[in-house]
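Shown below: protein_3.txt, with compact mmCIF, C-alpha atoms and all ligand atoms.
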# COMPACT_ATOMS: atom_id res chain seq x y z
CA MET A 4 0.00 0.00 0.00
CA SER A 5 1.54 3.32 -0.98
CA SER A 6 0.53 6.27 1.14
CA VAL A 7 -0.97 9.43 -0.23
CA LEU A 8 -0.29 11.14 3.09
CA SER A 9 2.22 10.07 5.69
CA ALA A 10 3.81 11.20 8.92
CA GLU A 11 7.00 9.66 10.24
CA SER A 12 8.62 10.59 13.58
CA LEU A 13 6.79 13.87 13.15
CA ARG A 14 7.36 16.49 15.83
CA PHE A 15 5.99 20.00 15.88
CA GLN A 16 6.09 22.68 18.56
CA TRP A 17 4.36 26.04 18.25
CA PRO A 18 6.75 29.00 18.61
CA GLY A 19 6.82 30.08 22.25
CA ALA A 20 5.12 26.87 23.48
CA LYS A 21 6.75 24.96 26.33
CA ALA A 22 6.11 21.51 24.86
CA PRO A 23 5.49 19.89 21.48
CA CYS A 24 1.95 19.86 20.19
CA ILE A 25 2.47 16.93 17.80
CA ASP A 26 4.72 13.92 18.34
CA ILE A 27 3.62 11.06 16.08
CA GLU A 28 5.70 8.00 15.27
CA ARG A 29 3.77 6.89 12.20
CA LEU A 30 0.58 7.66 10.29
CA ASP A 31 -0.20 6.47 6.76
CA ILE A 32 -3.29 7.29 4.74
CA ALA A 33 -3.91 5.48 1.46
CA ALA A 34 -5.69 6.55 -1.72
CA GLY A 35 -9.44 6.38 -1.31
CA GLU A 36 -9.34 6.02 2.47
CA ALA A 37 -11.93 7.97 4.47
CA VAL A 38 -10.50 8.82 7.89
CA PHE A 39 -12.42 10.32 10.81
CA LEU A 40 -9.89 12.17 12.99
CA HIS A 41 -11.15 13.00 16.46
CA GLY A 42 -10.10 13.86 19.99
CA PRO A 43 -10.72 16.53 22.63
CA SER A 44 -10.50 20.24 21.89
CA GLY A 45 -6.90 21.41 21.82
CA CYS A 46 -5.36 17.96 21.26
CA GLY A 47 -3.78 19.10 17.97
CA LYS A 48 -6.21 17.98 15.23
CA SER A 49 -6.05 21.22 13.22
CA THR A 50 -2.29 21.40 13.73
CA LEU A 51 -1.89 17.87 12.36
CA LEU A 52 -4.05 18.70 9.32
CA SER A 53 -1.87 21.74 8.64
CA LEU A 54 1.27 19.59 8.86
CA LEU A 55 -0.14 16.92 6.53
CA ALA A 56 -1.11 19.61 4.00
CA GLY A 57 2.21 21.47 4.25
CA VAL A 58 0.62 24.63 5.64
CA LEU A 59 2.92 24.15 8.63
CA VAL A 60 6.31 22.45 8.54
CA ALA A 61 7.50 20.30 11.45
CA GLN A 62 10.80 20.90 13.20
CA GLN A 63 11.59 17.17 13.15
CA GLY A 64 10.56 14.11 11.14
CA ARG A 65 8.71 13.88 7.85
CA ALA A 66 5.24 14.69 6.60
CA THR A 67 4.70 13.70 2.98
CA LEU A 68 2.10 14.18 0.26
CA LEU A 69 2.34 11.71 -2.64
CA GLY A 70 5.93 10.99 -1.53
CA HIS A 71 6.99 14.66 -1.42
CA ASP A 72 8.54 15.70 1.88
CA TRP A 73 6.99 19.08 2.70
CA ALA A 74 10.10 20.19 4.61
CA ALA A 75 12.29 19.77 1.52
CA LEU A 76 10.24 22.30 -0.49
CA SER A 77 10.26 26.10 -0.55
CA GLY A 78 7.10 27.93 0.52
CA ALA A 79 6.16 28.65 -3.11
CA ARG A 80 6.59 24.99 -4.13
CA ARG A 81 4.54 23.87 -1.15
CA ASP A 82 1.75 26.23 -2.23
CA ARG A 83 1.83 24.87 -5.80
CA LEU A 84 1.87 21.23 -4.67
CA ARG A 85 -1.00 21.83 -2.25
CA VAL A 86 -3.30 23.56 -4.70
CA ALA A 87 -2.64 20.88 -7.34
CA HIS A 88 -3.38 17.90 -5.09
CA VAL A 89 -5.24 18.96 -1.94
CA GLY A 90 -8.74 20.32 -1.40
CA TYR A 91 -8.79 21.92 2.05
CA ILE A 92 -11.94 22.94 3.90
CA PHE A 93 -10.59 25.18 6.64
CA GLN A 94 -12.37 25.66 9.96
CA GLN A 95 -12.84 29.34 9.04
CA PHE A 96 -13.57 28.46 5.35
CA ASN A 97 -11.03 31.04 4.03
CA LEU A 98 -13.31 32.19 1.22
CA LEU A 99 -12.32 35.42 -0.51
CA PRO A 100 -15.14 37.69 0.73
CA TYR A 101 -15.46 40.00 -2.30
CA LEU A 102 -15.29 37.26 -4.93
CA SER A 103 -18.49 35.65 -6.07
CA VAL A 104 -19.46 32.20 -4.87
CA LEU A 105 -18.62 30.75 -8.31
CA ASP A 106 -15.24 32.48 -8.47
CA ASN A 107 -14.38 31.17 -5.02
CA VAL A 108 -15.15 27.61 -6.13
CA LEU A 109 -13.05 28.10 -9.29
CA LEU A 110 -10.00 29.45 -7.41
CA PRO A 111 -8.03 26.15 -7.32
CA CYS A 112 -8.40 25.93 -11.13
CA ARG A 113 -6.96 29.41 -11.51
CA PHE A 114 -3.86 28.44 -9.53
CA SER A 115 -3.37 24.89 -10.80
CA ALA A 116 -3.39 23.71 -14.42
CA ARG A 117 -3.90 20.18 -13.13
CA ARG A 118 -7.04 21.09 -11.18
CA MET A 119 -8.30 23.03 -14.22
CA ALA A 120 -7.70 20.08 -16.58
CA GLN A 121 -9.43 17.68 -14.19
CA ALA A 122 -12.34 20.08 -13.69
CA MET A 123 -12.79 20.16 -17.48
CA ARG A 124 -12.90 16.36 -17.73
CA ASP A 125 -16.64 16.34 -18.45
CA GLY A 126 -17.17 19.89 -19.78
CA THR A 127 -16.16 23.32 -18.55
CA ALA A 128 -14.71 24.11 -15.13
CA GLN A 129 -17.65 26.45 -14.57
CA ALA A 130 -20.07 23.59 -15.25
CA GLN A 131 -18.30 21.46 -12.64
CA ALA A 132 -18.38 24.34 -10.15
CA GLU A 133 -22.12 24.76 -10.73
CA LEU A 134 -22.73 21.04 -10.40
CA LEU A 135 -20.88 20.89 -7.08
CA LEU A 136 -22.76 23.93 -5.75
CA ALA A 137 -26.05 22.39 -6.78
CA GLN A 138 -25.10 19.07 -5.15
CA MET A 139 -24.28 21.00 -2.00
CA GLY A 140 -27.81 22.39 -2.05
CA LEU A 141 -26.85 25.99 -2.85
CA ASP A 142 -29.53 27.64 -4.91
CA SER A 143 -28.38 29.13 -8.23
CA SER A 144 -29.63 32.56 -7.09
CA LEU A 145 -26.63 32.60 -4.70
CA TRP A 146 -23.89 31.68 -7.17
CA ARG A 147 -23.12 35.23 -8.31
CA ARG A 148 -23.33 36.83 -4.88
CA GLN A 149 -20.22 37.85 -3.00
CA ALA A 150 -19.17 35.16 -0.54
CA LEU A 151 -19.51 37.58 2.39
CA GLN A 152 -23.26 37.82 1.75
CA LEU A 153 -23.80 34.15 2.56
CA SER A 154 -24.71 32.57 5.88
CA VAL A 155 -22.04 30.58 7.71
CA GLY A 156 -23.64 27.27 6.73
CA GLN A 157 -23.79 28.36 3.08
CA GLN A 158 -20.14 29.43 3.18
CA GLN A 159 -19.23 26.04 4.59
CA ARG A 160 -20.80 24.39 1.55
CA VAL A 161 -19.05 26.77 -0.87
CA ALA A 162 -15.74 25.86 0.80
CA ALA A 163 -16.55 22.17 0.28
CA ALA A 164 -17.33 22.70 -3.42
CA ARG A 165 -14.02 24.54 -3.77
CA ALA A 166 -12.20 21.64 -2.09
CA LEU A 167 -13.75 19.09 -4.46
CA ILE A 168 -13.34 20.89 -7.79
CA GLY A 169 -10.75 19.30 -10.06
CA HIS A 170 -10.79 15.98 -8.18
CA PRO A 171 -7.77 16.42 -5.86
CA GLU A 172 -6.10 13.24 -4.54
CA VAL A 173 -6.55 14.48 -0.97
CA VAL A 174 -9.46 16.25 0.69
CA ILE A 175 -8.94 17.68 4.16
CA ALA A 176 -11.95 18.87 6.10
CA ASP A 177 -11.63 20.63 9.45
CA GLU A 178 -15.02 20.63 11.22
CA PRO A 179 -16.86 21.26 7.96
CA THR A 180 -20.36 20.56 9.26
CA SER A 181 -20.38 22.63 12.46
CA ALA A 182 -22.93 25.16 11.12
CA LEU A 183 -25.24 22.72 9.31
CA ASP A 184 -28.55 21.35 10.51
CA GLU A 185 -29.13 17.60 10.46
CA ASP A 186 -30.62 17.34 6.96
CA ARG A 187 -27.95 19.58 5.46
CA ARG A 188 -25.25 17.68 7.33
CA GLU A 189 -26.35 14.31 5.92
CA ALA A 190 -26.63 15.71 2.38
CA PHE A 191 -23.22 17.37 2.74
CA LEU A 192 -21.66 14.08 3.87
CA ASP A 193 -23.33 12.20 1.02
CA VAL A 194 -21.77 14.56 -1.55
CA LEU A 195 -18.35 14.64 0.09
CA LEU A 196 -18.06 10.89 0.66
CA THR A 197 -19.41 9.99 -2.77
CA ALA A 198 -17.09 12.42 -4.54
CA CYS A 199 -14.06 11.12 -2.64
CA LYS A 200 -15.03 7.51 -3.31
CA THR A 201 -15.61 8.11 -7.02
CA ASN A 202 -12.29 9.93 -7.43
CA ARG A 203 -10.38 7.67 -5.00
CA SER A 204 -9.47 10.79 -3.03
CA ALA A 205 -8.17 10.25 0.48
CA LEU A 206 -10.39 12.12 2.92
CA VAL A 207 -9.25 13.28 6.36
CA PHE A 208 -12.23 14.64 8.25
CA VAL A 209 -12.08 16.27 11.68
CA SER A 210 -15.22 16.52 13.75
CA HIS A 211 -16.42 16.45 17.34
CA ASP A 212 -19.72 15.06 16.13
CA GLN A 213 -19.75 11.34 16.89
CA ARG A 214 -22.99 10.89 14.89
CA ILE A 215 -20.84 11.41 11.80
CA ALA A 216 -18.19 8.87 12.79
CA GLU A 217 -20.15 5.81 11.68
CA ARG A 218 -19.99 6.95 8.06
CA PHE A 219 -16.20 6.56 8.03
CA ALA A 220 -14.33 3.30 7.53
CA ARG A 221 -11.33 4.33 9.62
CA HIS A 222 -11.25 6.23 12.89
CA VAL A 223 -8.12 7.83 14.32
CA LEU A 224 -8.30 9.05 17.92
CA LEU A 225 -5.47 11.57 17.90
CA PRO A 226 -4.37 11.21 21.55
CA GLU A 227 -3.81 7.51 20.86
CA ILE A 228 -1.11 8.23 18.29
CA ASN A 229 0.11 11.62 19.53
CA ARG A 230 2.59 11.21 22.36
CA ALA A 231 2.61 14.98 22.89
CA ALA A 232 -1.14 15.23 23.49
CA SER A 233 -1.24 12.15 25.67
CA GLY A 234 1.24 13.80 28.01
CA GLU A 235 3.83 11.04 27.68
CA PRO A 236 7.43 12.17 27.80
CA ALA A 237 8.69 13.14 24.37
N1 LIG A 301 -1.31 29.68 15.78
C1 LIG A 301 -1.00 29.11 16.95
N2 LIG A 301 0.00 29.57 17.72
C2 LIG A 301 0.33 29.01 18.90
N3 LIG A 301 -0.31 27.92 19.39
C3 LIG A 301 -1.32 27.40 18.69
C4 LIG A 301 -1.72 27.96 17.44
N4 LIG A 301 -2.75 27.22 16.95
C5 LIG A 301 -2.98 26.27 17.87
N5 LIG A 301 -2.13 26.36 18.91
C6 LIG A 301 -2.09 25.50 20.09
O1 LIG A 301 -1.89 24.15 19.67
C7 LIG A 301 -2.70 23.27 20.45
C8 LIG A 301 -3.56 22.43 19.50
O2 LIG A 301 -4.46 23.30 18.81
P1 LIG A 301 -5.36 22.74 17.60
O3 LIG A 301 -6.12 23.90 17.07
O4 LIG A 301 -4.49 21.98 16.69
O5 LIG A 301 -6.30 21.74 18.39
P2 LIG A 301 -7.66 21.03 17.92
O6 LIG A 301 -7.60 19.62 18.43
O7 LIG A 301 -7.85 21.22 16.47
O8 LIG A 301 -8.74 21.86 18.75
P3 LIG A 301 -10.31 22.15 18.43
O9 LIG A 301 -10.99 20.82 18.47
O10 LIG A 301 -10.71 23.03 19.59
O11 LIG A 301 -10.40 22.84 17.11
C9 LIG A 301 -3.51 24.13 21.41
O12 LIG A 301 -2.88 24.10 22.68
C10 LIG A 301 -3.42 25.52 20.80
O13 LIG A 301 -3.44 26.51 21.80
Spit out the file's structure as C-alpha cells when you get a sec.
Amino acid sequence: MSSVLSAESLRFQWPGAKAPCIDIERLDIAAGEAVFLHGPSGCGKSTLLSLLAGVLVAQQGRATLLGHDWAALSGARRDRLRVAHVGYIFQQFNLLPYLSVLDNVLLPCRFSARRMAQAMRDGTAQAQAELLLAQMGLDSSLWRRQALQLSVGQQQRVAAARALIGHPEVVIADEPTSALDEDRREAFLDVLLTACKTNRSALVFVSHDQRIAERFARHVLLPEINRAASGEPA
C-alpha cells in the first residue's frame, strides 16, 4: 500500500510553546481512504491537518504528500503542490469575501493547471463548479453573490465545493459541518463521501460530532497516536 499522506517521527512545537503539540511515530493514509480524525478540543487535530497539507512544517521528522517531503520544499513549491493535489476545507472556510461564490469555487483551477484540466474532464470548469454547488444544495440565485453575503452554513458548503473541484487526490476537512442542521449535514456528507469515493481521493475529516463517525471506515483518535497530546514524555 503506498501512502498518499504520511507522517514519520513527526514532531511540531508552536513557537513560544513549552512543549510539542504533535509527536507522532507513524501515520499512513492510502488513496481512497476515508478517515475520521477526532479527539478533545486542543489535542492538535487542526495542527496535524496543517502539517499533513504542508501549511505548517515540522521541526523534526517527515510529513509527505504523494511521496513529497513538505520540509524539503520552498514555501512557493509547497503552495503549488498543495493547490494541485489537496482540497482543504478550513475551519474558518477562508473564502475570498469580495469574490463571487462561483469564483471562489473556481480558485483552485486558476492556480493549478492540473485542477483546471481535471475540472474540465466532463465539460467546462464552470459547469463542474455549478454542479458541485447544486449538489451542496446551494440555490443558483446565490452563485453570483459575494461570498460575504452568505450565511455561515452556506459558506461552509461553498468551501466544500471549492475543495472538491478538479478531483484532488486528498481532501482535508476541518469541522466542515459545524454550522449545518441535520438534513444539510447528511446531504453534505453524502456529496463529500461519494465524490471522494468516485475519485479515490483520500479524505481526512475532523469533527467532534460522533454521529458522523459511523460513516467513516477508519477512525483515528489523535491522543492515541500523539505522544505529545497524551502527556507522555517526548
Ligand atoms: N497559531 C497558533 N499559535 C500558537 N499555538 C497554537 C496555534 N494554533 C494552535 N495552537 C495550540 O496548539 C494546540 C492544539 O491546537 P489545535 O487547534 O491543533 O487543536 P484542535 O484539536 O484542532 O482543537 P479544536 O478541536 O478546539 O479545534 C492548542 O494548545 C493551541 O493553543
message: as an NGL selection string, please: every protein or nucleic acid residue near ligand LIG 301 (chain A) (cut-off 12 Å, counting only C-alpha atoms and all ligand atoms).
response: :A and (15-26 or 40-54 or 58-59 or 93-95 or 176-179 or 181 or 208-212 or 224-226 or 229 or 231-232)
field: Close residues, Val161 of chain A itself excluded, 12 Å, only C-alpha atoms, min 3 positions apart in chain, as a ChimeraX atom specification
entry: /A:91-93,95-100,102-110,132-142,145-151,153-158,164-168,179-180,191
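The smallest atom-to-atom distance between Glu217 of chain A and any of A:Arg118, A:Thr127, A:Ala37, A:Ile27, using all atoms listed in the file, is found for A:Ala37.
These residues, each with an atom at most 12 Å from (-14.6, 8.3, -6.5) using only C-alpha atoms, are Ala34, Gly35, Glu36, Ala37, Leu167, His170, Pro171, Glu172, Val173, Val174, Val194, Leu195, Leu196, Thr197, Ala198, Cys199, Lys200, Thr201, Asn202, Arg203, Ser204, Ala205 and Leu206 of chain A.
Note that atom CA of Arg230 of chain A and atom CA of Gly90 of chain A are 27.9 Å apart.
Closest approach to Arg124 of chain A among A:Leu183, A:Gly169, A:Phe39, A:Glu227 is made by A:Gly169 (distances from all atoms listed in the file).
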- request: Tell me which of A:Val207, A:Ala190, A:Val89, A:Val60 sits closest to Leu76 of chain A, counting only C-alpha atoms.
  value: A:Val60
message: Ranking A:Ser144, A:Ser12, A:Ser115, A:Thr67 by minimum distance to Val86 of chain A and counting all atoms listed in the file, which one comes first?
response: A:Ser115
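Taking atom CA of Leu68 of chain A and atom CA of Leu8 of chain A as the two end points, the separation is 4.8 Å.
Candidate residues A:Ala182, A:Ala33, A:Ala56, A:Ala128 were compared for distance to His88 of chain A, and the nearest is A:Ala56, using all atoms listed in the file.
Across the model, the gap from atom CA of Leu13 of chain A to atom CA of Ala61 of chain A is 6.7 Å.
Residue nearest Ala66 of chain A, chosen from A:Arg29, A:Arg113, A:Arg218, A:Arg187 and counting only C-alpha atoms: A:Arg29.
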Exercise on segment 92-104 of chain A, axis-aligned box with 5 Å per side, report centre and edge lengths in Å to one decimal, as JSON:
{"center_x": -15.0, "center_y": 31.5, "center_z": 1.9, "size_x": 18.9, "size_y": 27.1, "size_z": 26.0}
